[in-house]
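For reference, the structure is listed below as C-alpha cells.
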Amino acid sequence: EMFPWKTPSNTLLHRFPFVSSSIYLILDLSRGGGAQAWTYSYSTTPNRRWHEARQWCHQHLSNMVTIQTPEETDFINNLLPFNQKYYWTGIRKVDGVWTREGNNKTVPEDAQNWAPEEPDKIAGQDCVEIYIKRNKDTAKWNNEKCQSKKGTICYSASCTQDSCSAHADCVETVGNYTCQCHPGFHGPRCEEAIACKPLLEPQHGSHHCFHPYGSNRFNSSCRFHCELGFRLLGSPQLLCQTSGQWNNPVPLCQVEQCPVLNHTNISGGGMNCSHPIAPYSYNSSCEVRCDEGYELSGGSQMRCEHTGRWTRPHIAWVKKKKKKKLNPCIIIC
Ligand SMILES: [Ca+2]
C-alpha cells in the first residue's frame, strides 16, 4: 500500500498506474497559475531496508528522495504522516562521502541537515534517515544501519526528456523545474540561440557564412574574401560568441600596392600615369612618353598587377633621334 501525491492530477494515473486502487492525495502546489508537476510517493507498509526501499522506488519508475533543498525538506515534513521508524532518504555513504542516489553527487557540507551529535561514527551506519514529524529535531538527518527497516519516500522528477531543449540542463525545483541554458542559448526552453548583428559586406569583398543555429546566431561563422587586387586586413573569419558579439571586427579589403615609380627625368622623356583606385596601386597604369626629338627604346606600357608587381619594363630608355647614346628615362624600383 502506498500514498502518492502530485499535481496536476490529469497525469497522475499515467505516471503512477499502480496507485489507481490506492489512496492518494493531490495537492495544488501552483502559485500564480504555473503548471506544477512534482510527484512523491511513500510507503510504510511494510517498513523496508534501505536497499529494498530503493528497489521499490525503482519498480515504480521513481527514485528515493534525496532532499535537494530546504523547501523540499519542509514540503515532505508537512505532508508525510508520522512513522514510528521514520523514513529513509536516498543519501548514503559511498567511499566515505555522503552521496545522493540517482545522480551520485556528493551532498555539500552546507546542505547537510544532521540532528545534533549526528552523524555518529559507528561502523555500518551508512544510510541516512529523516526524522519526519519527530517532536525533537524534526526533519533532521540521522545515519543508521542500512539493514534497519524504515518508511520509503520516492520522488518522480518533474524534468522529462521534453522539458527543455537539447541546449539546456533541466534542474528540479520544488514542484517544478527550470531549464538552465547552455552558454549561447536562451528562451524558456533554451531553444533559441543568441543573435549577433548581421555583418556588412566589406567594400571590394564578400563573405560566406555557416549558421548551425540560425542566421547570425551563436556559433555562426563567416569567412571573408577580397576581390582580385585587394588584400584582406584583419581576421578572415568571424565567430558569433555567447555574448552576442562577433569575436572580431569585419576585416577591410585594402587595394594591393605596387612600388611607387621613382621616375627620374634625366632628359628627353617622362611618364603619364592613371590611378583608377589609388596612386601606384592595383590597376594603375603608366606610359613612358618621349620629349620631342627623342624616341623610346623598349616597352612603354606598365600596369600594376593584382600581385602588387608592375608589368615590364623595369627600365625604359629614350634616345635622341639620330644619336647612338641612350639616356635612362625611367627607373623603376
Ligand atoms: Ca546515527
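Chain lettering (A, B, ...) mirrors the order of the C-alpha cells, residue numbering begins at 1 for each chain separately, and ligand numbering begins at 1 in order of display.
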If you count only C-alpha atoms and all ligand atoms, which residues end up within 6 Å of ligand 1, as a PDB file with N, CA and C atoms, in the first residue's frame?
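Resulting contents of selection.pdb:
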```
ATOM      1  N   GLU A 118      24.933  13.943  15.309  1.00  0.00           N
ATOM      2  CA  GLU A 118      24.967  13.082  14.116  1.00  0.00           C
ATOM      3  C   GLU A 118      25.819  13.775  13.047  1.00  0.00           C
ATOM      4  N   PRO A 119      26.373  13.055  12.118  1.00  0.00           N
ATOM      5  CA  PRO A 119      26.332  11.587  12.046  1.00  0.00           C
ATOM      6  C   PRO A 119      27.354  10.989  12.989  1.00  0.00           C
ATOM      7  N   ASP A 120      26.977   9.926  13.698  1.00  0.00           N
ATOM      8  CA  ASP A 120      27.974   9.309  14.577  1.00  0.00           C
ATOM      9  C   ASP A 120      28.848   8.353  13.782  1.00  0.00           C
ATOM     10  N   ASN A 142      19.692  11.528  10.394  1.00  0.00           N
ATOM     11  CA  ASN A 142      20.446  10.621  11.263  1.00  0.00           C
ATOM     12  C   ASN A 142      21.006   9.492  10.412  1.00  0.00           C
ATOM     13  N   ASN A 143      22.281   9.155  10.644  1.00  0.00           N
ATOM     14  CA  ASN A 143      22.812   7.984   9.933  1.00  0.00           C
ATOM     15  C   ASN A 143      22.432   6.726  10.696  1.00  0.00           C
ATOM     16  N   GLU A 144      22.103   5.704   9.948  1.00  0.00           N
ATOM     17  CA  GLU A 144      21.585   4.457  10.530  1.00  0.00           C
ATOM     18  C   GLU A 144      22.143   3.288   9.755  1.00  0.00           C
TER      19      GLU A 144
END
```
Write down as a PyMOL selection string the residues of region 13-217 of chain A whose backbone DSSP state falls under strand (DSSP E or B).
chain A and resi 25+39-48+63-64+87-94+97-100+106+114+127-130+141-144+150-156+168-173+176-181+185-186+192-193+195+205-210+217
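Of the listed residues (A:Cys127, A:Cys190, A:Val288, A:Leu228), A:Leu228 comes nearest to His204 (chain A); the distances count only C-alpha atoms.
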Would you mind listing what lies within 9 Å of Glu101 (chain A) as a PyMOL selection string, with only C-alpha atoms counted and same-chain residues fewer than 5 positions away left out?
chain A and resi 54+63-66+89-92
Mind checking which residues fall within 9 Å of region 244-248 of chain A, counting only C-alpha atoms, ignoring those fewer than 3 positions away in the same chain, and posting them as a PDB file with C-alpha atoms, in the first residue's frame?
```pdb
ATOM      1  CA  GLY A 184      24.835  30.782 -26.213  1.00  0.00           C
ATOM      2  CA  ILE A 194      21.702  34.168 -29.022  1.00  0.00           C
ATOM      3  CA  ALA A 195      21.813  36.530 -32.008  1.00  0.00           C
ATOM      4  CA  CYS A 196      24.703  38.631 -33.296  1.00  0.00           C
ATOM      5  CA  LYS A 197      24.217  41.672 -35.534  1.00  0.00           C
ATOM      6  CA  ARG A 217      23.264  33.270 -34.220  1.00  0.00           C
ATOM      7  CA  PHE A 218      25.583  31.756 -31.654  1.00  0.00           C
ATOM      8  CA  GLY A 234      42.123  41.824 -40.168  1.00  0.00           C
ATOM      9  CA  SER A 235      40.731  38.438 -39.304  1.00  0.00           C
ATOM     10  CA  GLN A 237      36.956  34.539 -40.068  1.00  0.00           C
ATOM     11  CA  LEU A 238      34.399  35.840 -37.574  1.00  0.00           C
ATOM     12  CA  LEU A 239      32.531  33.818 -34.975  1.00  0.00           C
ATOM     13  CA  CYS A 240      29.303  34.785 -33.181  1.00  0.00           C
ATOM     14  CA  GLN A 241      30.066  34.344 -29.481  1.00  0.00           C
ATOM     15  CA  PRO A 251      38.017  42.954 -41.993  1.00  0.00           C
TER      16      PRO A 251
END
```
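Every protein, DNA or RNA residue with an atom at most 9 Å from Asn78 (chain A), where only C-alpha atoms count and chain neighbours fewer than 5 positions away do not, is listed here: Thr73, Ile132 and Lys133 of chain A.
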May I have the selected residues written with C-alpha atoms, as a compact mmCIF listing (two decimals), in the first residue's frame?
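And here is the file that came out, again_38.txt:
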```
# COMPACT_ATOMS: atom_id res chain seq x y z
CA THR A 73 12.52 19.28 3.48
CA ILE A 132 9.67 13.27 9.73
CA LYS A 133 7.35 14.90 12.28
```
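If you look at CA of His225 (chain A) and CA of Val255 (chain A), they are 12.9 Å away from each other.
The space between CA of Lys149 (chain A) and CA of Asn104 (chain A) spans 22.8 Å.
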Could you tell me which of A:His182, A:Phe82, A:Tyr282, A:Gly151 comes closest to Ser165 (chain A) if we count only C-alpha atoms?
A:His182
